[in-house]
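Text of the file upload_35.cif, holding mmCIF, C-alpha atoms and all ligand atoms:
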data_protein
#
loop_
_atom_site.label_atom_id
_atom_site.label_comp_id
_atom_site.auth_asym_id
_atom_site.auth_seq_id
_atom_site.Cartn_x
_atom_site.Cartn_y
_atom_site.Cartn_z
CA VAL A 1490 0.00 0.00 0.00
CA LYS A 1491 1.30 3.44 -0.93
CA VAL A 1492 0.60 6.38 1.34
CA LEU A 1493 0.58 10.08 0.44
CA LYS A 1494 0.10 13.00 2.76
CA VAL A 1495 -1.95 16.05 1.79
CA LYS A 1496 -0.73 19.03 3.79
CA THR A 1497 -3.93 21.03 3.96
CA LYS A 1498 -5.55 22.09 7.23
CA PRO A 1499 -6.28 19.55 8.58
CA GLU A 1500 -3.75 17.16 7.03
CA TYR A 1501 -4.86 13.77 5.82
CA GLU A 1502 -3.52 10.65 4.18
CA ILE A 1503 -4.35 8.94 0.93
CA LEU A 1504 -3.89 5.17 0.72
CA ILE A 1505 -3.44 3.53 -2.67
CA GLY A 1506 -3.43 -0.22 -3.20
CA LYS A 1507 -5.06 -3.28 -4.63
CA GLY A 1508 -7.85 -4.73 -2.50
CA ILE A 1509 -7.59 -2.16 0.32
CA PHE A 1510 -11.39 -1.83 0.14
CA LYS A 1511 -11.74 -4.89 2.38
CA SER A 1512 -9.70 -3.39 5.20
CA ILE A 1513 -11.44 0.01 5.34
CA PRO A 1514 -13.61 -0.78 8.42
CA GLU A 1515 -10.69 -2.10 10.48
CA ASP A 1516 -8.42 0.75 9.39
CA MET A 1517 -11.06 3.33 10.32
CA LYS A 1518 -11.70 1.67 13.67
CA SER A 1519 -8.02 1.67 14.52
CA ARG A 1520 -7.70 5.40 13.79
CA PHE A 1521 -10.92 7.19 14.51
CA ASP A 1522 -13.40 7.21 17.35
CA PHE A 1523 -16.84 7.12 15.76
CA GLY A 1524 -20.33 5.67 16.00
CA LYS A 1525 -22.25 4.65 12.89
CA VAL A 1526 -21.33 5.10 9.23
CA ALA A 1527 -23.53 6.59 6.51
CA ILE A 1528 -22.43 5.15 3.17
CA ILE A 1529 -23.42 7.68 0.53
CA THR A 1530 -23.30 6.22 -2.96
CA ASP A 1531 -25.10 6.13 -6.30
CA SER A 1532 -27.46 3.44 -7.57
CA ASN A 1533 -24.80 1.70 -9.75
CA VAL A 1534 -22.04 1.65 -7.17
CA ARG A 1535 -24.45 0.52 -4.47
CA ASN A 1536 -25.02 -2.70 -6.38
CA LEU A 1537 -21.37 -3.15 -7.30
CA TYR A 1538 -19.72 -2.35 -3.97
CA GLY A 1539 -22.08 -0.57 -1.56
CA ASP A 1540 -23.86 -3.58 -0.13
CA GLU A 1541 -20.52 -5.38 0.23
CA LEU A 1542 -19.00 -2.44 2.11
CA LYS A 1543 -21.98 -2.31 4.46
CA LYS A 1544 -21.48 -6.01 5.24
CA LEU A 1545 -17.77 -5.43 5.89
CA PHE A 1546 -18.61 -2.71 8.41
CA GLU A 1547 -21.16 -4.91 10.13
CA LYS A 1548 -18.67 -7.76 10.31
CA ALA A 1549 -16.31 -5.35 12.04
CA GLY A 1550 -19.04 -4.51 14.54
CA VAL A 1551 -19.88 -1.09 13.10
CA LYS A 1552 -23.46 -0.07 12.34
CA ALA A 1553 -23.75 1.02 8.72
CA GLU A 1554 -26.57 2.30 6.59
CA ILE A 1555 -26.59 3.01 2.85
CA PHE A 1556 -28.06 6.25 1.52
CA ASP A 1557 -28.15 6.12 -2.25
CA PHE A 1558 -29.29 8.35 -5.09
CA PRO A 1559 -29.80 7.73 -8.84
CA ALA A 1560 -26.44 7.59 -10.69
CA GLY A 1561 -25.53 10.52 -12.89
CA GLU A 1562 -24.64 14.22 -12.89
CA GLN A 1563 -28.38 15.13 -12.89
CA SER A 1564 -28.47 14.01 -9.24
CA LYS A 1565 -25.79 16.51 -8.23
CA ASN A 1566 -28.23 19.10 -6.89
CA THR A 1567 -29.64 20.50 -3.64
CA ASP A 1568 -32.73 18.26 -3.80
CA THR A 1569 -30.51 15.18 -3.51
CA VAL A 1570 -28.55 16.75 -0.64
CA VAL A 1571 -31.72 17.67 1.26
CA SER A 1572 -33.29 14.28 0.71
CA LEU A 1573 -30.15 12.44 1.88
CA ALA A 1574 -29.90 14.73 4.91
CA ARG A 1575 -33.52 14.07 5.87
CA ARG A 1576 -33.01 10.32 5.60
CA MET A 1577 -29.93 10.63 7.83
CA VAL A 1578 -31.87 12.67 10.38
CA SER A 1579 -34.63 10.08 10.53
CA SER A 1580 -31.97 7.41 11.09
CA ARG A 1581 -30.57 9.57 13.91
CA PHE A 1582 -27.13 10.24 12.51
CA ASP A 1583 -25.24 12.68 14.71
CA ARG A 1584 -21.83 14.36 15.01
CA LYS A 1585 -20.14 11.21 16.28
CA ASP A 1586 -21.01 9.39 13.08
CA ILE A 1587 -19.03 9.32 9.84
CA VAL A 1588 -19.98 9.75 6.19
CA VAL A 1589 -18.34 7.40 3.71
CA ALA A 1590 -18.39 8.80 0.18
CA LEU A 1591 -18.37 5.73 -2.09
CA GLY A 1592 -18.40 6.25 -5.85
CA GLY A 1593 -17.28 8.58 -8.62
CA GLY A 1594 -16.90 12.34 -8.51
CA VAL A 1595 -20.64 12.85 -8.28
CA ALA A 1596 -20.97 10.75 -5.10
CA GLY A 1597 -17.82 12.35 -3.67
CA ASP A 1598 -18.98 15.92 -4.33
CA ILE A 1599 -22.48 15.28 -2.95
CA ALA A 1600 -21.34 13.33 0.11
CA GLY A 1601 -18.53 15.77 0.90
CA PHE A 1602 -20.88 18.73 0.62
CA LEU A 1603 -23.50 17.07 2.77
CA ALA A 1604 -20.90 16.08 5.40
CA SER A 1605 -19.65 19.68 5.49
CA ILE A 1606 -23.09 21.11 6.31
CA TYR A 1607 -24.91 18.27 8.12
CA LEU A 1608 -25.22 19.38 11.78
CA ARG A 1609 -22.69 22.09 10.81
CA GLY A 1610 -20.21 19.46 9.71
CA ILE A 1611 -19.51 15.81 10.45
CA PRO A 1612 -16.37 13.89 9.43
CA PHE A 1613 -16.14 11.99 6.16
CA VAL A 1614 -13.83 9.64 4.29
CA GLN A 1615 -13.55 9.22 0.53
CA VAL A 1616 -13.65 5.89 -1.27
CA PRO A 1617 -13.38 6.91 -4.93
CA THR A 1618 -14.34 4.26 -7.50
CA THR A 1619 -13.78 5.98 -10.88
CA LEU A 1620 -10.36 6.88 -12.25
CA LEU A 1621 -11.42 10.53 -12.35
CA ALA A 1622 -12.42 10.47 -8.69
CA GLN A 1623 -9.22 8.59 -7.73
CA VAL A 1624 -6.82 10.99 -9.46
CA ASP A 1625 -8.73 14.22 -9.16
CA SER A 1626 -11.99 14.85 -7.32
CA SER A 1627 -11.25 12.91 -4.11
CA VAL A 1628 -8.10 14.97 -3.51
CA GLY A 1629 -8.19 18.63 -2.58
CA GLY A 1630 -11.35 19.08 -0.54
CA LYS A 1631 -13.63 20.74 -3.07
CA THR A 1632 -17.23 19.65 -2.58
CA GLY A 1633 -20.46 20.89 -4.08
CA VAL A 1634 -23.51 20.59 -6.25
CA ASP A 1635 -24.83 22.14 -9.45
CA LEU A 1636 -27.53 24.78 -9.87
CA PRO A 1637 -29.75 25.06 -12.96
CA GLU A 1638 -27.59 28.13 -13.78
CA GLY A 1639 -24.33 26.19 -13.86
CA LYS A 1640 -22.09 23.44 -12.54
CA ASN A 1641 -20.55 23.42 -9.04
CA LEU A 1642 -22.04 26.78 -8.08
CA LEU A 1643 -22.78 25.78 -4.47
CA GLY A 1644 -20.09 24.19 -2.40
CA THR A 1645 -17.47 24.19 0.30
CA PHE A 1646 -13.83 23.41 0.89
CA TYR A 1647 -13.95 20.47 3.29
CA GLN A 1648 -11.15 17.96 3.77
CA PRO A 1649 -11.80 14.25 4.27
CA LEU A 1650 -10.27 12.35 7.20
CA ARG A 1651 -8.73 9.84 4.84
CA VAL A 1652 -8.94 8.66 1.22
CA TYR A 1653 -8.92 4.97 0.28
CA ILE A 1654 -8.04 4.29 -3.35
CA ASP A 1655 -8.51 0.65 -4.36
CA THR A 1656 -7.27 -0.03 -7.91
CA ASP A 1657 -9.57 -3.07 -8.16
CA PHE A 1658 -12.59 -0.77 -8.57
CA LEU A 1659 -11.34 0.16 -12.03
CA LYS A 1660 -11.84 -3.38 -13.30
CA THR A 1661 -15.61 -2.77 -13.60
CA LEU A 1662 -15.35 0.77 -14.93
CA PRO A 1663 -16.57 1.30 -18.54
CA LEU A 1664 -13.84 2.26 -21.07
CA LEU A 1665 -15.27 5.72 -21.62
CA GLU A 1666 -15.06 6.47 -17.89
CA LEU A 1667 -11.43 5.30 -17.88
CA LYS A 1668 -10.66 7.71 -20.72
CA ASN A 1669 -12.40 10.50 -18.83
CA GLY A 1670 -10.00 10.07 -15.94
CA LEU A 1671 -6.97 9.46 -18.13
CA ALA A 1672 -7.27 12.93 -19.65
CA GLU A 1673 -6.69 14.43 -16.18
CA VAL A 1674 -3.72 12.08 -15.72
CA VAL A 1675 -2.19 13.43 -18.95
CA LYS A 1676 -2.80 16.93 -17.61
CA TYR A 1677 -0.57 16.29 -14.58
CA GLY A 1678 2.22 15.20 -16.92
CA CYS A 1679 1.79 18.34 -19.01
CA ILE A 1680 1.75 20.83 -16.17
CA LEU A 1681 4.11 19.33 -13.58
CA ARG A 1682 5.80 16.04 -14.36
CA ARG A 1683 7.80 15.76 -17.55
CA THR A 1684 9.13 12.30 -16.71
CA PHE A 1685 5.60 11.09 -15.99
CA PHE A 1686 4.49 12.49 -19.37
CA TYR A 1687 7.10 10.33 -21.11
CA TYR A 1688 6.26 7.35 -18.92
CA LEU A 1689 2.67 7.63 -20.18
CA LYS A 1690 3.97 7.92 -23.73
CA ARG A 1691 5.94 4.69 -23.39
CA LEU A 1692 2.95 3.01 -21.80
CA GLY A 1693 0.51 3.92 -24.59
CA LYS A 1694 -2.57 1.75 -24.88
CA LYS A 1695 -1.02 -0.86 -22.58
CA PHE A 1696 -2.64 1.31 -19.91
CA TYR A 1697 -5.96 -0.31 -20.79
CA GLU A 1698 -4.67 -3.74 -19.75
CA LEU A 1699 -5.03 -2.31 -16.23
CA SER A 1700 -2.10 -4.20 -14.78
CA GLU A 1701 -1.63 -3.68 -11.08
CA ASP A 1702 1.79 -2.02 -11.39
CA VAL A 1703 0.64 0.42 -14.04
CA LEU A 1704 -2.53 1.45 -12.21
CA THR A 1705 -0.71 2.01 -8.94
CA GLU A 1706 2.02 4.07 -10.64
CA VAL A 1707 -0.42 6.16 -12.70
CA ILE A 1708 -2.64 6.89 -9.71
CA PHE A 1709 0.27 7.49 -7.33
CA GLN A 1710 1.99 9.99 -9.64
CA SER A 1711 -1.29 11.79 -10.35
CA VAL A 1712 -2.36 12.04 -6.73
CA LYS A 1713 1.15 13.17 -5.79
CA ALA A 1714 0.94 15.97 -8.35
CA LYS A 1715 -2.52 17.09 -7.24
CA ALA A 1716 -1.63 16.81 -3.54
CA TRP A 1717 1.49 18.92 -4.13
CA VAL A 1718 -0.60 21.68 -5.70
CA VAL A 1719 -3.45 21.72 -3.20
CA SER A 1720 -1.08 21.53 -0.23
CA ARG A 1721 0.39 24.83 -1.42
CA ASP A 1722 -2.87 26.51 -2.35
CA GLU A 1723 -5.84 25.00 -0.59
CA LYS A 1724 -8.44 27.63 -1.52
CA GLU A 1725 -7.41 28.30 -5.12
CA SER A 1726 -5.93 31.75 -4.65
CA GLY A 1727 -3.11 31.21 -7.13
CA LEU A 1728 -1.03 28.14 -7.94
CA ARG A 1729 -4.01 25.77 -7.84
CA ARG A 1730 -5.27 27.39 -11.02
CA ILE A 1731 -2.60 25.53 -13.01
CA LEU A 1732 -4.96 22.57 -12.69
CA ASN A 1733 -7.19 24.42 -15.16
CA PHE A 1734 -4.84 23.59 -18.03
CA GLY A 1735 -7.01 22.33 -20.91
CA HIS A 1736 -10.17 23.31 -19.05
CA THR A 1737 -10.75 26.80 -20.45
CA VAL A 1738 -11.19 25.50 -23.98
CA GLY A 1739 -12.54 22.20 -22.60
CA HIS A 1740 -15.42 23.98 -20.85
CA ALA A 1741 -16.16 26.00 -23.98
CA ILE A 1742 -16.50 22.71 -25.87
CA GLU A 1743 -18.74 21.25 -23.16
CA THR A 1744 -20.92 24.37 -23.25
CA GLU A 1745 -21.26 24.18 -27.04
CA PHE A 1746 -22.61 20.65 -26.63
CA ASP A 1747 -24.80 21.46 -23.61
CA TYR A 1748 -22.60 19.16 -21.49
CA ARG A 1749 -23.52 16.14 -23.59
CA VAL A 1750 -19.87 15.31 -24.38
CA PRO A 1751 -17.70 13.54 -21.79
CA HIS A 1752 -15.78 16.07 -19.68
CA GLY A 1753 -12.39 14.33 -19.93
CA LEU A 1754 -12.55 14.08 -23.69
CA ALA A 1755 -13.39 17.78 -23.98
CA VAL A 1756 -10.39 18.50 -21.72
CA ALA A 1757 -8.15 16.35 -23.96
CA VAL A 1758 -9.02 18.53 -26.96
CA GLY A 1759 -8.77 21.60 -24.74
CA MET A 1760 -5.18 20.64 -23.87
CA VAL A 1761 -4.33 20.41 -27.58
CA ALA A 1762 -5.79 23.88 -28.19
CA GLU A 1763 -4.07 25.43 -25.17
CA ALA A 1764 -0.73 23.79 -26.04
CA ARG A 1765 -1.05 25.24 -29.54
CA LEU A 1766 -1.90 28.65 -28.06
CA SER A 1767 1.27 28.43 -25.96
CA GLU A 1768 3.16 28.41 -29.25
CA THR A 1769 1.05 31.11 -30.95
CA PHE A 1770 1.43 33.47 -28.01
CA GLY A 1771 5.17 32.86 -28.01
CA VAL A 1772 5.32 31.36 -24.53
CA ALA A 1773 6.42 27.84 -25.48
CA GLU A 1774 10.16 27.18 -25.45
CA GLU A 1775 9.78 23.85 -27.26
CA LYS A 1776 7.20 22.25 -29.55
CA VAL A 1777 4.57 21.44 -26.95
CA ALA A 1778 1.45 20.94 -29.07
CA ASP A 1779 2.79 18.07 -31.20
CA ARG A 1780 4.07 16.35 -28.08
CA VAL A 1781 0.65 16.62 -26.41
CA ILE A 1782 -1.10 15.41 -29.58
CA ASN A 1783 1.23 12.42 -29.90
CA LEU A 1784 0.69 11.36 -26.31
CA LEU A 1785 -3.10 11.67 -26.56
CA LYS A 1786 -3.03 9.59 -29.75
CA GLU A 1787 -0.91 6.90 -28.10
CA LEU A 1788 -3.51 6.72 -25.32
CA GLU A 1789 -6.40 6.67 -27.81
CA LEU A 1790 -7.78 9.96 -26.54
CA PRO A 1791 -9.27 12.58 -28.89
CA THR A 1792 -7.18 15.44 -30.28
CA LYS A 1793 -10.01 17.07 -32.23
CA ILE A 1794 -13.62 17.82 -31.41
CA SER A 1795 -14.81 15.56 -34.23
CA ASP A 1796 -13.02 12.61 -32.52
CA ILE A 1797 -15.27 12.95 -29.45
CA PRO A 1798 -18.13 10.43 -29.49
CA GLY A 1799 -21.39 12.32 -29.66
CA ALA A 1800 -19.79 15.46 -31.09
CA LYS A 1801 -20.18 14.64 -34.77
CA GLY A 1802 -22.39 16.67 -37.06
CA LYS A 1803 -22.77 19.84 -35.04
CA LYS A 1804 -21.50 23.01 -36.65
CA LEU A 1805 -19.35 24.88 -34.18
CA SER A 1806 -18.88 28.59 -33.96
CA GLU A 1807 -15.53 29.94 -32.77
CA ASP A 1808 -17.29 33.18 -31.79
CA SER A 1809 -19.69 31.49 -29.44
CA MET A 1810 -16.86 29.36 -28.00
CA VAL A 1811 -14.90 32.53 -27.24
CA GLN A 1812 -18.04 34.01 -25.69
CA SER A 1813 -18.41 31.04 -23.37
CA MET A 1814 -14.71 31.26 -22.44
CA LEU A 1815 -15.37 34.85 -21.37
CA LYS A 1816 -18.29 33.78 -19.18
CA ASP A 1817 -16.11 31.21 -17.43
CA LYS A 1818 -15.42 31.28 -13.69
CA LYS A 1819 -11.77 31.83 -14.61
CA VAL A 1820 -12.49 35.35 -15.83
CA TRP A 1821 -11.26 37.75 -13.18
CA LYS A 1822 -11.96 41.48 -13.37
CA GLY A 1823 -13.05 41.08 -16.98
CA LYS A 1824 -9.79 39.46 -18.06
CA LEU A 1825 -9.35 35.88 -19.13
CA THR A 1826 -6.26 34.22 -17.72
CA ILE A 1827 -5.33 30.88 -19.21
CA VAL A 1828 -2.70 28.32 -18.30
CA LEU A 1829 -0.10 27.83 -21.01
CA LEU A 1830 2.85 25.48 -21.34
CA LYS A 1831 6.41 26.77 -21.42
CA LYS A 1832 7.60 23.22 -21.75
CA ILE A 1833 6.16 19.83 -21.02
CA GLY A 1834 6.01 19.89 -17.22
CA LYS A 1835 6.22 23.68 -16.88
CA THR A 1836 3.37 26.20 -17.04
CA CYS A 1837 2.73 29.92 -16.89
CA PHE A 1838 -0.36 32.11 -16.60
CA TYR A 1839 -1.24 34.26 -19.58
CA GLU A 1840 -3.75 37.08 -19.78
CA VAL A 1841 -5.50 36.92 -23.12
CA GLU A 1842 -6.09 40.28 -24.79
CA ASP A 1843 -6.17 39.32 -28.45
CA PHE A 1844 -8.80 36.70 -29.29
CA VAL A 1845 -7.97 36.40 -33.00
CA PRO A 1846 -5.28 33.72 -32.40
CA VAL A 1847 -7.68 31.91 -30.07
CA LYS A 1848 -10.26 31.65 -32.86
CA GLU A 1849 -7.59 30.43 -35.29
CA VAL A 1850 -6.54 27.68 -32.89
CA LEU A 1851 -10.16 26.68 -32.26
CA LYS A 1852 -10.60 26.21 -36.01
CA GLU A 1853 -7.65 23.80 -35.94
CA VAL A 1854 -9.23 21.52 -33.33
CA VAL A 1855 -12.70 21.26 -34.88
N1 LIG A 1901 -14.36 18.09 -6.29
C1 LIG A 1901 -13.47 18.17 -7.24
O1 LIG A 1901 -12.35 18.64 -7.04
C2 LIG A 1901 -13.81 17.66 -8.60
C3 LIG A 1901 -12.81 17.53 -9.57
C4 LIG A 1901 -13.15 17.00 -10.80
C5 LIG A 1901 -14.46 16.61 -11.07
N2 LIG A 1901 -15.41 16.74 -10.11
C6 LIG A 1901 -16.79 16.33 -10.35
O2 LIG A 1901 -16.79 14.92 -10.56
C7 LIG A 1901 -17.96 14.60 -11.31
C8 LIG A 1901 -17.60 13.56 -12.33
O3 LIG A 1901 -17.11 12.41 -11.69
P1 LIG A 1901 -17.11 10.99 -12.41
O4 LIG A 1901 -16.58 11.13 -13.77
O5 LIG A 1901 -16.46 10.05 -11.48
O6 LIG A 1901 -18.67 10.68 -12.60
P2 LIG A 1901 -19.71 9.78 -11.80
O7 LIG A 1901 -19.53 9.87 -10.36
O8 LIG A 1901 -21.05 10.08 -12.35
O9 LIG A 1901 -19.30 8.29 -12.28
C9 LIG A 1901 -19.42 7.94 -13.64
C10 LIG A 1901 -20.26 6.68 -13.81
O10 LIG A 1901 -19.51 5.53 -13.41
C11 LIG A 1901 -20.26 4.73 -12.50
N3 LIG A 1901 -19.27 4.05 -11.65
C12 LIG A 1901 -18.58 4.59 -10.62
N4 LIG A 1901 -17.65 3.73 -10.18
C13 LIG A 1901 -17.78 2.61 -10.93
C14 LIG A 1901 -17.08 1.37 -10.97
N5 LIG A 1901 -16.05 1.13 -10.16
N6 LIG A 1901 -17.48 0.45 -11.88
C15 LIG A 1901 -18.50 0.71 -12.73
N7 LIG A 1901 -19.17 1.87 -12.76
C16 LIG A 1901 -18.81 2.80 -11.86
C17 LIG A 1901 -21.17 5.70 -11.82
O11 LIG A 1901 -22.30 5.06 -11.29
C18 LIG A 1901 -21.53 6.65 -12.97
O12 LIG A 1901 -22.56 6.09 -13.74
C19 LIG A 1901 -18.51 15.90 -11.88
O13 LIG A 1901 -19.67 16.26 -11.21
C20 LIG A 1901 -17.41 16.90 -11.59
O14 LIG A 1901 -17.90 18.21 -11.38
C21 LIG A 1901 -15.11 17.26 -8.89
#
Give the structure from the file, written as structure tokens.
Amino acid sequence: VKVLKVKTKPEYEILIGKGIFKSIPEDMKSRFDFGKVAIITDSNVRNLYGDELKKLFEKAGVKAEIFDFPAGEQSKNTDTVVSLARRMVSSRFDRKDIVVALGGGVAGDIAGFLASIYLRGIPFVQVPTTLLAQVDSSVGGKTGVDLPEGKNLLGTFYQPLRVYIDTDFLKTLPLLELKNGLAEVVKYGCILRRTFFYYLKRLGKKFYELSEDVLTEVIFQSVKAKAWVVSRDEKESGLRRILNFGHTVGHAIETEFDYRVPHGLAVAVGMVAEARLSETFGVAEEKVADRVINLLKELELPTKISDIPGAKGKKLSEDSMVQSMLKDKKVWKGKLTIVLLKKIGKTCFYEVEDFVPVKEVLKEVV
């Protein structure tokens, strides 16, 4: 089992290993003093792992109850949070009890948010089951839900007590969900870890064989990169924004398709566009875009919008994509700051004033 420390306030540890799922109840008992556990999960993960986890807790002498919600982003709203909270109240969950967030990023964001506001905050642990949740959303303490007006508009910063990453969960994950998470993995290579970038390049589609060594290494390096960033900037006042690499254009693509394209695949194309922009704006000290494109191709990830399943046929407008970039949360005092690559593994912030090159680059990735 590999252990990583996240130095936020409070600090916590992330455990990564094959089969660690089975030892969660005993590990929690040996570390924390708590009463019951509320396992918050979605309808798919409940069937796959939720009932099993409940049994493991009961075997360890811990009372556990499952609170589930229908799988999917459409559940990530205040109605779900209120309904889960009311079910927990009627089952008499109090401040001595613990929330276990079991599932992908949706379950993690909902459960973390609920834990942060239930009785003004009760402790929670994360058990992420998608690659995206394992390498990204379970680390860093961002929780929240969507509003009809936009994604993640209500939320808190709230750190878990501990994160348990079991690589075995990925064996049941659909290929598309693996690709979704892999795009974020590539991002860590681009922004922080040049050697990891080339490790991924050598690995190529062998990643999809999901061998134990490869999964542990990929997750460990990714979590290490994210933990490094969030330990230095917990509340996103500066450095943490480097994690937005690929996301400015990525979000514009998602908006164009009313969020009907997979997030990670939009980010993959976003990284191509932003790597190309690094060259156009004269920031890149080496050819970054071709390197990013080659890696994405090796990993069978899209490099153009037309490669994204579900994105065929729609005519895209560069003007409206630029408009949605300007409406992004990343616009500060009317200026759009994007993350560009100086080199593979090295970034800088860039304030965009001229949007003509942006439109040219967008045309290239259609
Ligand atoms: N808090 C953060 O810092 C942060 C960061 C990135 C993304 N997010 C959020 O994460 C969410 C996306 O997360 P996601 O991609 O994990 O989506 P998700 O939670 O909806 O999971 C994707 C699908 O996979 C299923 N699933 C989960 N684990 C499985 C397994 N082991 N085997 C088979 N199926 C499984 C789920 O039921 C779901 O249908 C978004 O809401 C996004 O805003 C949050």
Selection near Thr1497 in chain A, 10 Å with only C-alpha atoms, sequence-local residues under 4 positions removed, as JSON, numbers by chain: {"A": [1501, 1629, 1630, 1648, 1716, 1717, 1719, 1720, 1721, 1722, 1723, 1724]}
Please identify every polymer residue within 6 Å of ligand LIG 1901 (chain A), using all atoms listed in the file, and present the set as a PDB file with C-alpha atoms, in the coordinates of the input.
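Below is the file pocket.pdb, written as the result:
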ATOM      1  CA  ASP A1531     -25.100   6.130  -6.300  1.00  0.00           C
ATOM      2  CA  ASN A1533     -24.800   1.700  -9.750  1.00  0.00           C
ATOM      3  CA  VAL A1534     -22.040   1.650  -7.170  1.00  0.00           C
ATOM      4  CA  ALA A1560     -26.440   7.590 -10.690  1.00  0.00           C
ATOM      5  CA  GLY A1561     -25.530  10.520 -12.890  1.00  0.00           C
ATOM      6  CA  GLU A1562     -24.640  14.220 -12.890  1.00  0.00           C
ATOM      7  CA  GLY A1592     -18.400   6.250  -5.850  1.00  0.00           C
ATOM      8  CA  GLY A1593     -17.280   8.580  -8.620  1.00  0.00           C
ATOM      9  CA  GLY A1594     -16.900  12.340  -8.510  1.00  0.00           C
ATOM     10  CA  VAL A1595     -20.640  12.850  -8.280  1.00  0.00           C
ATOM     11  CA  ALA A1596     -20.970  10.750  -5.100  1.00  0.00           C
ATOM     12  CA  ASP A1598     -18.980  15.920  -4.330  1.00  0.00           C
ATOM     13  CA  THR A1618     -14.340   4.260  -7.500  1.00  0.00           C
ATOM     14  CA  THR A1619     -13.780   5.980 -10.880  1.00  0.00           C
ATOM     15  CA  LEU A1621     -11.420  10.530 -12.350  1.00  0.00           C
ATOM     16  CA  ALA A1622     -12.420  10.470  -8.690  1.00  0.00           C
ATOM     17  CA  ASP A1625      -8.730  14.220  -9.160  1.00  0.00           C
ATOM     18  CA  SER A1626     -11.990  14.850  -7.320  1.00  0.00           C
ATOM     19  CA  LYS A1631     -13.630  20.740  -3.070  1.00  0.00           C
ATOM     20  CA  THR A1632     -17.230  19.650  -2.580  1.00  0.00           C
ATOM     21  CA  PHE A1658     -12.590  -0.770  -8.570  1.00  0.00           C
ATOM     22  CA  LEU A1659     -11.340   0.160 -12.030  1.00  0.00           C
ATOM     23  CA  THR A1661     -15.610  -2.770 -13.600  1.00  0.00           C
ATOM     24  CA  LEU A1662     -15.350   0.770 -14.930  1.00  0.00           C
TER      25      LEU A1662
END
Please determine the residues with any atom at most 12 Å from (-30.3, 9.1, 13.0) (coordinates as given in the file, with all atoms listed in the file counting) and report them as number ranges by chain. A: 1524-1527, 1552-1554, 1573-1587, 1607-1608
Please identify all polymer residues within 10 Å of range 1769-1780 of chain A, counting only C-alpha atoms, omitting same-chain residues fewer than 5 positions from it, and present them as a count of residues only. 28
From the options A:Tyr1697, A:Tyr1653, A:Tyr1647, A:Phe1602, which residue's atoms come nearest to Lys1511 in chain A, counting all atoms listed in the file? A:Tyr1653
Could you write out as AutoDock Vina command-line options the box around range 1763-1782 of chain A (axis-aligned, all atoms listed in the file, 4 Å on each side), with centre and edge lengths in Å to one decimal?
--center_x 3.0 --center_y 24.4 --center_z -27.9 --size_x 22.2 --size_y 26.1 --size_z 14.7
Surrounding residues of range 1741-1750 of chain A excluding itself and chain neighbours under 6 positions, 6 Å, all atoms listed in the file, as a PDB file with C-alpha atoms, in the coordinates of the input:
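Okay, this is what ended up in result.pdb:
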ATOM      1  CA  MET A1810     -16.860  29.360 -28.000  1.00  0.00           C
ATOM      2  CA  SER A1813     -18.410  31.040 -23.370  1.00  0.00           C
ATOM      3  CA  MET A1814     -14.710  31.260 -22.440  1.00  0.00           C
TER       4      MET A1814
END
Pick from A:Glu1706, A:Asp1635, A:Asp1540, A:Glu1789 nearest to Leu1664 in chain A, counting all atoms listed in the file: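 So, comparing all the options, the nearest one is A:Glu1789.
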